[in-house]
Amino acid sequence: MSTTFTLDTATSRAHPVPEPIRRLTVPAIAARKGGDPIVMLTAYTARMAQIFDRHCDMLLVGDSLGQVIYGLDTTVHVTLEMMCAHGAAVVRGSYHAVVVVDLPFGSYEASPQQAFETAARVMKETGAAAVKLEGGAVMAETITFLSQRGIPVVAHIGLTPQAVNALGGYGARGRSEAEYEKILGDARAVDAAGAFAMVVEGVVEPLGRAITAAVKCPTIGIGASPACDGQVLVAEDMLGLFERTPRFVRRFDDLAARINDAAAQYAAAVRDRSFPDADQLYAIKPAVK
Ligand code: KIV
């Protein structure tokens with residue numbers, strides 16, 4: 001069953017926002033090439049978007065939500081309905097960052113027309129400013145088609161998780177000379193096609209550096225190079241919510257342990273009846289005469 005989520009960002013926000021809402025724009029991000037590093041994190045919910053918004057230039061509603069939120073084993077199973085629902089939540093939760101929504105596997109690869117229909121639906125239903133799609137030279141025609149029709153595109157090259165079955169795993173790319181040259185060619189192709197930024201994921205460091213020097217749009221690295229024009233991480237990875245930390249992730253917190261402690265304290269308080277206490281209970285008000 002497919003659900004349609006309508007956009008009502010003007011009235012259905014869960015928090016006060018400054019008026020008028022002043023968001024960064026796609027051209028402002030494109031102009032950051034070689035300038036101040038672009039800060040991007042994933043966000044899938046309104047509350048996380050609210051917290052990250054003031055710190056980030058871009059929020060990515062990544063299809064990594066398949067693993068992070070839904071417990072799926074790969075992003076291949078993620079649906080357009082999931083992306084639209086979470087994209088709308090992140091737009092409602094933010095007012096500063098440029099929100100980018102991933103196009104899920106199978107929703108854009110067949111043709112530029114299919115990609116346009118999917119991307120237009122994402123933008124109408126979520127209010128996001130841009131979409132991201134995976135693939136290099138093979139997606140160049142589609143990127144041009146979308147960009148020329150008012151849909152800003154972030155390309156995603158290098159390790160492309162939607163292709164995990166074809167790639168055979170999530171190992172770093174560009175180790176052989178042939179693969180290095182192929183990915184550099186992908187970067188040049190999506191840049192020339194009109195992507196306003198590109199995510200470069202899981203490549204050997206010299207390749208991340210070489211791509212950044214070779215293209216005119218900003219590169220946003222994840223497991224790539226500090227020379228990239230910006231960096232992105234899956235928020236839950238950098239917050240330490242998972243046991244496994246991929247090599248390219250720095251854990252800025254250990255939230256799993258802290259949440260575990262809080263849950264243990266709550267469970268103990270329920271069991272020994274110390275929760276709730278007077279502070280959390282409603283008293284009967286004295287009758288007003
Ligand atoms: O889906 C995602 O979170 C991504 C990032 C890893 C860049 O594409």
# chains A, B, ... in the order shown; residues from 1 in each chain; ligands from 1

$ closest_atom_pairs --of "chain A" --to "ligand 1" --cutoff "9 Å" --atoms "only C-alpha atoms and all ligand atoms" --output "Markdown table"
| residue | atom | partner | partner_atom_place_in_ligand_line | distance |
| --- | --- | --- | --- | --- |
| A:Met40 | CA | ligand 1 | 7 (C) | 9.0 |
| A:Leu41 | CA | ligand 1 | 3 (O) | 8.2 |
| A:Thr42 | CA | ligand 1 | 3 (O) | 5.8 |
| A:Ala43 | CA | ligand 1 | 3 (O) | 8.5 |
| A:Leu60 | CA | ligand 1 | 3 (O) | 6.8 |
| A:Val61 | CA | ligand 1 | 3 (O) | 6.9 |
| A:Gly62 | CA | ligand 1 | 1 (O) | 3.3 |
| A:Asp63 | CA | ligand 1 | 1 (O) | 4.1 |
| A:Ser64 | CA | ligand 1 | 1 (O) | 3.8 |
| A:Leu65 | CA | ligand 1 | 1 (O) | 6.8 |
| A:Gly66 | CA | ligand 1 | 1 (O) | 8.5 |
| A:Thr75 | CA | ligand 1 | 1 (O) | 7.7 |
| A:Val101 | CA | ligand 1 | 1 (O) | 8.9 |
| A:Asp102 | CA | ligand 1 | 1 (O) | 6.7 |
| A:Lys132 | CA | ligand 1 | 8 (O) | 7.9 |
| A:Leu133 | CA | ligand 1 | 8 (O) | 8.5 |
| A:Glu134 | CA | ligand 1 | 8 (O) | 8.2 |
| A:His156 | CA | ligand 1 | 8 (O) | 7.3 |
| A:Thr160 | CA | ligand 1 | 8 (O) | 7.9 |
| A:Pro161 | CA | ligand 1 | 8 (O) | 7.6 |
| A:Val199 | CA | ligand 1 | 7 (C) | 6.2 |
| A:Val200 | CA | ligand 1 | 7 (C) | 7.9 |
| A:Glu201 | CA | ligand 1 | 7 (C) | 6.8 |
| A:Ile220 | CA | ligand 1 | 7 (C) | 8.4 |
| A:Gly221 | CA | ligand 1 | 7 (C) | 8.1 |
| A:Ile222 | CA | ligand 1 | 7 (C) | 6.5 |
| A:Val232 | CA | ligand 1 | 7 (C) | 6.2 |
| A:Leu233 | CA | ligand 1 | 6 (C) | 6.3 |
| A:Val234 | CA | ligand 1 | 3 (O) | 5.4 |
| A:Ala235 | CA | ligand 1 | 3 (O) | 8.5 |

$ write_last_selection --atoms "C-alpha atoms" --output "short mmCIF file (atom, residue, chain, number, x, y, z; two decimals), in the first residue's frame"
data_model
loop_
_atom_site.label_atom_id
_atom_site.label_comp_id
_atom_site.auth_asym_id
_atom_site.auth_seq_id
_atom_site.Cartn_x
_atom_site.Cartn_y
_atom_site.Cartn_z
CA MET A 40 26.66 17.86 6.37
CA LEU A 41 25.04 15.21 8.59
CA THR A 42 22.28 12.75 7.96
CA ALA A 43 18.93 13.36 9.66
CA LEU A 60 20.96 14.63 4.16
CA VAL A 61 17.90 12.43 4.42
CA GLY A 62 19.98 9.46 3.40
CA ASP A 63 18.63 6.11 2.36
CA SER A 64 20.92 4.82 5.12
CA LEU A 65 17.68 5.23 7.12
CA GLY A 66 16.97 1.72 5.85
CA THR A 75 19.59 0.34 1.29
CA VAL A 101 16.78 13.68 -0.01
CA ASP A 102 18.19 10.45 -1.45
CA LYS A 132 20.91 12.92 -4.32
CA LEU A 133 21.42 9.97 -6.62
CA GLU A 134 24.13 7.35 -6.90
CA HIS A 156 27.22 10.26 -5.22
CA THR A 160 27.78 3.55 -3.96
CA PRO A 161 25.91 1.46 -1.35
CA VAL A 199 29.36 13.03 -2.28
CA VAL A 200 32.59 11.07 -2.65
CA GLU A 201 32.35 7.93 -0.53
CA ILE A 220 31.62 16.24 0.23
CA GLY A 221 33.70 13.39 1.56
CA ILE A 222 32.78 10.34 3.62
CA VAL A 232 29.31 14.08 5.79
CA LEU A 233 28.71 11.30 8.28
CA VAL A 234 25.74 9.20 9.23
CA ALA A 235 24.72 10.96 12.46
#

$ select_by_dssp --residues "stretch 41-208 of chain A" --states "alpha helix (DSSP H)" --output "ChimeraX atom specification"
/A:46-53,65-68,80-92,112-126,140-147,164-167,177-193,205-208

$ atom_distance --atom1 "atom CA of A:Arg209" --atom2 "atom CA of A:Ser225"
5.9 Å

$ residues_around --residues "A:Ala213" --least-positions-apart "3" --cutoff "12 Å" --atoms "only C-alpha atoms" --output "list in words"
Lys33, Gly34, Leu184, Ala187, Arg188, Asp191, Pro206, Leu207, Gly208, Arg209, Ala210, Lys216, Cys217, Pro218, Thr219, Ser225, Ala227, Cys228 and Asp229 of chain A

$ select_by_dssp --residues "stretch 99-281 of chain A" --states "strand (DSSP E or B)" --output "number ranges by chain"
A: 99-102, 130-134, 153-158, 173, 197-201, 203, 219-222, 230-233

$ residues_around --residues "A:Leu159" --least-positions-apart "5" --cutoff "10 Å" --atoms "only C-alpha atoms" --output "CSV table (one decimal) with all heavy atoms, in the first residue's frame"
chain,number,residue,atom,x,y,z
A,134,GLU,N,22.9,8.1,-6.8
A,134,GLU,CA,24.1,7.3,-6.9
A,134,GLU,C,24.5,7.0,-8.4
A,134,GLU,O,23.6,6.7,-9.2
A,134,GLU,CB,24.1,6.0,-6.1
A,134,GLU,CG,23.9,6.3,-4.6
A,134,GLU,CD,24.0,5.0,-3.8
A,134,GLU,OE1,24.3,4.0,-4.3
A,134,GLU,OE2,23.7,5.1,-2.5
A,135,GLY,N,25.8,7.0,-8.6
A,135,GLY,CA,26.2,6.6,-10.0
A,135,GLY,C,27.1,7.7,-10.6
A,135,GLY,O,26.8,8.9,-10.4
A,164,VAL,N,25.6,-2.4,-3.8
A,164,VAL,CA,26.4,-3.4,-3.0
A,164,VAL,C,26.4,-4.8,-3.5
A,164,VAL,O,27.4,-5.5,-3.5
A,164,VAL,CB,25.9,-3.4,-1.5
A,164,VAL,CG1,24.4,-3.8,-1.4
A,164,VAL,CG2,26.8,-4.3,-0.6
A,167,LEU,N,28.9,-4.6,-6.4
A,167,LEU,CA,30.2,-4.4,-5.9
A,167,LEU,C,30.8,-5.5,-5.1
A,167,LEU,O,32.0,-5.7,-4.9
A,167,LEU,CB,30.3,-3.1,-5.1
A,167,LEU,CG,29.9,-1.8,-5.9
A,167,LEU,CD1,29.8,-0.6,-4.9
A,167,LEU,CD2,30.9,-1.5,-7.0
A,169,GLY,N,30.4,-5.8,-1.8
A,169,GLY,CA,30.8,-5.4,-0.4
A,169,GLY,C,31.0,-3.9,-0.3
A,169,GLY,O,30.7,-3.1,-1.3
A,170,TYR,N,31.4,-3.4,0.8
A,170,TYR,CA,31.6,-2.0,1.1
A,170,TYR,C,33.0,-1.5,1.2
A,170,TYR,O,33.3,-0.5,1.8
A,170,TYR,CB,30.8,-1.6,2.4
A,170,TYR,CG,29.3,-1.9,2.4
A,170,TYR,CD1,28.7,-3.0,3.0
A,170,TYR,CD2,28.5,-1.0,1.7
A,170,TYR,CE1,27.4,-3.2,2.9
A,170,TYR,CE2,27.1,-1.1,1.6
A,170,TYR,CZ,26.6,-2.3,2.3
A,170,TYR,OH,25.2,-2.4,2.2
A,171,GLY,N,33.9,-2.3,0.6
A,171,GLY,CA,35.4,-2.0,0.7
A,171,GLY,C,35.7,-0.7,0.0
A,171,GLY,O,34.9,-0.3,-0.9
A,172,ALA,N,36.8,-0.1,0.3
A,172,ALA,CA,37.2,1.2,-0.3
A,172,ALA,C,37.5,1.0,-1.8
A,172,ALA,O,38.0,-0.1,-2.2
A,172,ALA,CB,38.4,1.8,0.4
A,173,ARG,N,37.2,2.0,-2.5
A,173,ARG,CA,37.3,1.9,-4.0
A,173,ARG,C,38.5,2.7,-4.5
A,173,ARG,O,39.0,3.6,-3.7
A,173,ARG,CB,36.1,2.5,-4.7
A,173,ARG,CG,34.7,2.2,-4.1
A,173,ARG,CD,34.4,0.7,-4.0
A,173,ARG,NE,34.4,0.0,-5.3
A,173,ARG,CZ,34.2,-1.3,-5.4
A,173,ARG,NH1,34.1,-2.0,-4.3
A,173,ARG,NH2,34.2,-1.8,-6.6
A,174,GLY,N,39.0,2.4,-5.7
A,174,GLY,CA,40.1,3.2,-6.3
A,174,GLY,C,41.5,2.6,-5.9
A,174,GLY,O,42.4,3.3,-6.1
A,183,ILE,N,36.8,6.1,-11.5
A,183,ILE,CA,36.1,6.9,-10.5
A,183,ILE,C,36.4,8.4,-10.8
A,183,ILE,O,35.5,9.3,-10.7
A,183,ILE,CB,36.4,6.5,-9.1
A,183,ILE,CG1,35.8,5.1,-8.9
A,183,ILE,CG2,35.8,7.5,-8.1
A,183,ILE,CD1,36.2,4.5,-7.5
A,199,VAL,N,28.8,13.8,-3.4
A,199,VAL,CA,29.4,13.0,-2.3
A,199,VAL,C,30.4,12.0,-2.9
A,199,VAL,O,30.1,11.4,-3.9
A,199,VAL,CB,28.2,12.3,-1.6
A,199,VAL,CG1,28.7,11.2,-0.6
A,199,VAL,CG2,27.3,13.3,-0.8
A,200,VAL,N,31.5,12.0,-2.2
A,200,VAL,CA,32.6,11.1,-2.6
A,200,VAL,C,32.8,10.1,-1.5
A,200,VAL,O,33.2,10.5,-0.4
A,200,VAL,CB,33.9,11.8,-3.0
A,200,VAL,CG1,35.0,10.8,-3.4
A,200,VAL,CG2,33.7,12.9,-4.0
A,201,GLU,N,32.4,8.9,-1.7
A,201,GLU,CA,32.3,7.9,-0.5
A,201,GLU,C,33.4,6.8,-0.7
A,201,GLU,O,33.5,6.2,-1.8
A,201,GLU,CB,30.9,7.3,-0.4
A,201,GLU,CG,30.9,6.3,0.8
A,201,GLU,CD,29.5,5.8,1.2
A,201,GLU,OE1,28.5,6.3,0.7
A,201,GLU,OE2,29.5,5.0,2.1
A,202,GLY,N,34.1,6.5,0.4
A,202,GLY,CA,34.9,5.3,0.5
A,202,GLY,C,35.9,5.1,-0.7
A,202,GLY,O,35.9,4.1,-1.3
A,203,VAL,N,36.7,6.1,-0.8
A,203,VAL,CA,37.8,6.0,-1.9
A,203,VAL,C,39.1,6.2,-1.2
A,203,VAL,O,39.2,6.8,-0.1
A,203,VAL,CB,37.6,7.1,-3.0
A,203,VAL,CG1,36.3,6.8,-3.8
A,203,VAL,CG2,37.7,8.5,-2.5
A,222,ILE,N,33.1,11.3,2.5
A,222,ILE,CA,32.8,10.3,3.6
A,222,ILE,C,33.7,9.2,3.4
A,222,ILE,O,33.6,8.4,2.4
A,222,ILE,CB,31.3,9.9,3.7
A,222,ILE,CG1,31.1,8.8,4.7
A,222,ILE,CG2,30.7,9.6,2.3
A,222,ILE,CD1,29.6,8.6,5.1
A,223,GLY,N,34.7,9.1,4.2
A,223,GLY,CA,35.8,8.1,3.9
A,223,GLY,C,36.5,8.4,2.7
A,223,GLY,O,36.8,7.6,1.8
A,224,ALA,N,36.8,9.7,2.5
A,224,ALA,CA,37.5,10.2,1.3
A,224,ALA,C,38.8,10.9,1.6
A,224,ALA,O,39.9,10.3,1.6
A,224,ALA,CB,36.5,11.0,0.4

$ residues_around --residues "A:Ala28" --least-positions-apart "2" --cutoff "12 Å" --atoms "only C-alpha atoms" --output "list in words"
Arg23, Leu24, Thr25, Val26, Ala30, Ala31, Arg32, Lys33, Gly35, Asp36, Ile38, Asp57, Met58, Ala97, Val98, Phe196, Ala197, Cys217 and Pro218 of chain A

$ write_last_selection --atoms "N, CA and C atoms" --output "mmCIF file, in the first residue's frame"
data_model
loop_
_atom_site.group_PDB
_atom_site.id
_atom_site.type_symbol
_atom_site.label_atom_id
_atom_site.label_comp_id
_atom_site.auth_asym_id
_atom_site.auth_seq_id
_atom_site.Cartn_x
_atom_site.Cartn_y
_atom_site.Cartn_z
ATOM 1 N N ARG A 23 16.776 30.138 4.755
ATOM 2 C CA ARG A 23 17.559 28.921 4.503
ATOM 3 C C ARG A 23 18.746 29.234 3.621
ATOM 4 N N LEU A 24 19.832 28.496 3.817
ATOM 5 C CA LEU A 24 20.895 28.500 2.826
ATOM 6 C C LEU A 24 20.298 28.007 1.507
ATOM 7 N N THR A 25 20.936 28.384 0.418
ATOM 8 C CA THR A 25 20.404 27.988 -0.886
ATOM 9 C C THR A 25 21.394 27.079 -1.612
ATOM 10 N N VAL A 26 20.887 26.422 -2.633
ATOM 11 C CA VAL A 26 21.741 25.571 -3.462
ATOM 12 C C VAL A 26 22.878 26.386 -4.092
ATOM 13 N N ALA A 30 26.911 25.718 -3.754
ATOM 14 C CA ALA A 30 27.781 25.536 -4.936
ATOM 15 C C ALA A 30 28.949 26.520 -4.893
ATOM 16 N N ALA A 31 28.694 27.708 -4.342
ATOM 17 C CA ALA A 31 29.731 28.750 -4.293
ATOM 18 C C ALA A 31 30.789 28.484 -3.219
ATOM 19 N N ARG A 32 30.578 27.439 -2.419
ATOM 20 C CA ARG A 32 31.537 27.154 -1.346
ATOM 21 C C ARG A 32 32.747 26.346 -1.828
ATOM 22 N N LYS A 33 32.840 26.087 -3.131
ATOM 23 C CA LYS A 33 33.997 25.361 -3.668
ATOM 24 C C LYS A 33 35.290 26.045 -3.227
ATOM 25 N N GLY A 35 36.120 26.994 -0.421
ATOM 26 C CA GLY A 35 35.933 27.962 0.665
ATOM 27 C C GLY A 35 35.803 27.278 2.013
ATOM 28 N N ASP A 36 34.973 27.852 2.896
ATOM 29 C CA ASP A 36 34.757 27.248 4.213
ATOM 30 C C ASP A 36 34.196 25.844 4.033
ATOM 31 N N ILE A 38 32.075 22.597 4.009
ATOM 32 C CA ILE A 38 30.626 22.369 4.099
ATOM 33 C C ILE A 38 30.383 21.265 5.137
ATOM 34 N N ASP A 57 25.390 22.950 7.327
ATOM 35 C CA ASP A 57 25.006 23.661 6.106
ATOM 36 C C ASP A 57 24.016 22.831 5.295
ATOM 37 N N MET A 58 24.160 21.515 5.398
ATOM 38 C CA MET A 58 23.271 20.624 4.644
ATOM 39 C C MET A 58 22.849 19.463 5.539
ATOM 40 N N ALA A 97 19.455 24.794 7.182
ATOM 41 C CA ALA A 97 20.251 23.942 6.293
ATOM 42 C C ALA A 97 19.520 23.643 4.986
ATOM 43 N N VAL A 98 20.300 23.394 3.946
ATOM 44 C CA VAL A 98 19.754 22.877 2.692
ATOM 45 C C VAL A 98 19.461 21.391 2.912
ATOM 46 N N PHE A 196 25.375 20.019 -8.537
ATOM 47 C CA PHE A 196 25.875 21.229 -7.846
ATOM 48 C C PHE A 196 26.814 20.865 -6.706
ATOM 49 N N ALA A 197 26.873 19.583 -6.375
ATOM 50 C CA ALA A 197 27.812 19.082 -5.366
ATOM 51 C C ALA A 197 27.886 17.578 -5.585
ATOM 52 N N CYS A 217 32.517 21.637 -8.929
ATOM 53 C CA CYS A 217 31.520 21.670 -7.848
ATOM 54 C C CYS A 217 32.163 21.189 -6.541
ATOM 55 N N PRO A 218 31.584 21.570 -5.389
ATOM 56 C CA PRO A 218 32.142 21.111 -4.123
ATOM 57 C C PRO A 218 32.016 19.596 -3.963
#

$ closest_residue --among "A:Val100, A:Phe105, A:Arg54, A:Ala89" --to "A:Val76" --atoms "only C-alpha atoms"
A:Phe105

$ residues_around --residues "A:Ala192" --least-positions-apart "4" --cutoff "12 Å" --atoms "only C-alpha atoms" --output "mmCIF file with N, CA and C atoms, in the first residue's frame"
data_model
loop_
_atom_site.group_PDB
_atom_site.id
_atom_site.type_symbol
_atom_site.label_atom_id
_atom_site.label_comp_id
_atom_site.auth_asym_id
_atom_site.auth_seq_id
_atom_site.Cartn_x
_atom_site.Cartn_y
_atom_site.Cartn_z
ATOM 1 N N GLY A 136 28.001 7.269 -11.475
ATOM 2 C CA GLY A 136 28.913 8.204 -12.116
ATOM 3 C C GLY A 136 28.486 8.534 -13.529
ATOM 4 N N ALA A 137 29.393 8.263 -14.487
ATOM 5 C CA ALA A 137 29.157 8.649 -15.882
ATOM 6 C C ALA A 137 27.807 8.136 -16.395
ATOM 7 N N MET A 139 25.060 8.058 -15.004
ATOM 8 C CA MET A 139 23.929 8.904 -14.592
ATOM 9 C C MET A 139 24.037 10.330 -15.119
ATOM 10 N N ALA A 140 25.063 10.615 -15.939
ATOM 11 C CA ALA A 140 25.299 12.001 -16.378
ATOM 12 C C ALA A 140 24.098 12.570 -17.137
ATOM 13 N N GLU A 141 23.539 11.781 -18.048
ATOM 14 C CA GLU A 141 22.403 12.279 -18.840
ATOM 15 C C GLU A 141 21.228 12.637 -17.917
ATOM 16 N N ILE A 143 21.396 13.478 -14.720
ATOM 17 C CA ILE A 143 21.724 14.671 -13.918
ATOM 18 C C ILE A 143 21.474 15.943 -14.730
ATOM 19 N N THR A 144 21.862 15.926 -15.997
ATOM 20 C CA THR A 144 21.603 17.093 -16.853
ATOM 21 C C THR A 144 20.105 17.309 -17.019
ATOM 22 N N SER A 147 18.741 18.745 -13.697
ATOM 23 C CA SER A 147 19.267 20.088 -13.403
ATOM 24 C C SER A 147 18.645 21.129 -14.322
ATOM 25 N N ALA A 155 25.402 14.519 -6.730
ATOM 26 C CA ALA A 155 25.808 13.197 -7.222
ATOM 27 C C ALA A 155 26.477 12.423 -6.085
ATOM 28 N N GLY A 185 37.015 9.625 -13.671
ATOM 29 C CA GLY A 185 36.181 9.913 -14.849
ATOM 30 C C GLY A 185 34.728 10.130 -14.465
ATOM 31 N N ASP A 186 34.232 9.329 -13.504
ATOM 32 C CA ASP A 186 32.858 9.510 -13.012
ATOM 33 C C ASP A 186 32.688 10.913 -12.430
ATOM 34 N N ALA A 187 33.677 11.327 -11.634
ATOM 35 C CA ALA A 187 33.601 12.647 -10.997
ATOM 36 C C ALA A 187 33.521 13.736 -12.058
ATOM 37 N N ARG A 188 34.377 13.630 -13.071
ATOM 38 C CA ARG A 188 34.374 14.654 -14.133
ATOM 39 C C ARG A 188 33.029 14.648 -14.871
ATOM 40 N N PHE A 196 25.375 20.019 -8.537
ATOM 41 C CA PHE A 196 25.875 21.229 -7.846
ATOM 42 C C PHE A 196 26.814 20.865 -6.706
ATOM 43 N N ALA A 197 26.873 19.583 -6.375
ATOM 44 C CA ALA A 197 27.812 19.082 -5.366
ATOM 45 C C ALA A 197 27.886 17.578 -5.585
ATOM 46 N N MET A 198 28.940 16.953 -5.022
ATOM 47 C CA MET A 198 28.982 15.492 -5.117
ATOM 48 C C MET A 198 29.513 14.904 -3.815
ATOM 49 N N ALA A 214 39.942 18.244 -9.365
ATOM 50 C CA ALA A 214 39.585 18.129 -10.783
ATOM 51 C C ALA A 214 38.217 18.711 -11.130
ATOM 52 N N VAL A 215 37.329 18.850 -10.131
ATOM 53 C CA VAL A 215 35.950 19.245 -10.464
ATOM 54 C C VAL A 215 35.645 20.653 -9.973
ATOM 55 N N LYS A 216 34.647 21.281 -10.621
ATOM 56 C CA LYS A 216 34.313 22.661 -10.247
ATOM 57 C C LYS A 216 33.259 22.721 -9.141
ATOM 58 N N CYS A 217 32.517 21.637 -8.929
ATOM 59 C CA CYS A 217 31.520 21.670 -7.848
ATOM 60 C C CYS A 217 32.163 21.189 -6.541
#

$ decode --residues "stretch 256-275 of chain A" --atoms "N, CA, C and O atoms" --output "short mmCIF file (atom, residue, chain, number, x, y, z; two decimals), in the first residue's frame"
data_model
loop_
_atom_site.label_atom_id
_atom_site.label_comp_id
_atom_site.auth_asym_id
_atom_site.auth_seq_id
_atom_site.Cartn_x
_atom_site.Cartn_y
_atom_site.Cartn_z
N ALA A 256 25.14 5.04 22.69
CA ALA A 256 24.56 3.72 22.98
C ALA A 256 24.74 3.41 24.46
O ALA A 256 23.80 2.95 25.13
N ALA A 257 25.93 3.67 24.98
CA ALA A 257 26.18 3.38 26.40
C ALA A 257 25.33 4.29 27.28
O ALA A 257 24.78 3.84 28.30
N ARG A 258 25.20 5.55 26.88
CA ARG A 258 24.44 6.48 27.73
C ARG A 258 22.94 6.15 27.70
O ARG A 258 22.26 6.22 28.72
N ILE A 259 22.43 5.76 26.55
CA ILE A 259 21.02 5.37 26.46
C ILE A 259 20.79 4.08 27.26
O ILE A 259 19.78 3.94 27.98
N ASN A 260 21.74 3.16 27.16
CA ASN A 260 21.64 1.92 27.92
C ASN A 260 21.58 2.21 29.42
O ASN A 260 20.75 1.64 30.14
N ASP A 261 22.43 3.12 29.90
CA ASP A 261 22.43 3.47 31.33
C ASP A 261 21.08 4.07 31.73
O ASP A 261 20.52 3.74 32.78
N ALA A 262 20.57 4.99 30.90
CA ALA A 262 19.29 5.64 31.21
C ALA A 262 18.17 4.61 31.26
O ALA A 262 17.32 4.64 32.17
N ALA A 263 18.16 3.68 30.30
CA ALA A 263 17.11 2.64 30.27
C ALA A 263 17.22 1.75 31.51
O ALA A 263 16.19 1.37 32.10
N ALA A 264 18.45 1.43 31.92
CA ALA A 264 18.65 0.58 33.10
C ALA A 264 18.14 1.31 34.36
O ALA A 264 17.49 0.69 35.22
N GLN A 265 18.43 2.61 34.44
CA GLN A 265 17.98 3.37 35.61
C GLN A 265 16.45 3.45 35.66
O GLN A 265 15.83 3.34 36.72
N TYR A 266 15.85 3.67 34.48
CA TYR A 266 14.38 3.72 34.40
C TYR A 266 13.77 2.38 34.84
O TYR A 266 12.85 2.33 35.66
N ALA A 267 14.32 1.29 34.30
CA ALA A 267 13.79 -0.04 34.63
C ALA A 267 13.89 -0.30 36.13
O ALA A 267 12.94 -0.80 36.76
N ALA A 268 15.02 0.07 36.74
CA ALA A 268 15.20 -0.15 38.18
C ALA A 268 14.21 0.69 38.98
O ALA A 268 13.62 0.22 39.97
N ALA A 269 13.98 1.95 38.53
CA ALA A 269 13.08 2.84 39.26
C ALA A 269 11.63 2.35 39.19
O ALA A 269 10.86 2.49 40.14
N VAL A 270 11.25 1.78 38.03
CA VAL A 270 9.90 1.21 37.92
C VAL A 270 9.78 0.00 38.85
O VAL A 270 8.81 -0.16 39.60
N ARG A 271 10.80 -0.84 38.84
CA ARG A 271 10.73 -2.09 39.61
C ARG A 271 10.74 -1.85 41.11
O ARG A 271 10.07 -2.57 41.85
N ASP A 272 11.47 -0.82 41.56
CA ASP A 272 11.48 -0.59 43.01
C ASP A 272 10.45 0.48 43.42
O ASP A 272 10.46 0.97 44.54
N ARG A 273 9.60 0.89 42.47
CA ARG A 273 8.49 1.83 42.71
C ARG A 273 8.96 3.22 43.15
O ARG A 273 8.21 3.98 43.74
N SER A 274 10.22 3.57 42.83
CA SER A 274 10.66 4.94 43.12
C SER A 274 10.27 5.91 42.00
O SER A 274 10.37 7.12 42.13
N PHE A 275 9.81 5.38 40.90
CA PHE A 275 9.22 6.18 39.81
C PHE A 275 7.82 5.66 39.55
O PHE A 275 7.64 4.44 39.44
#
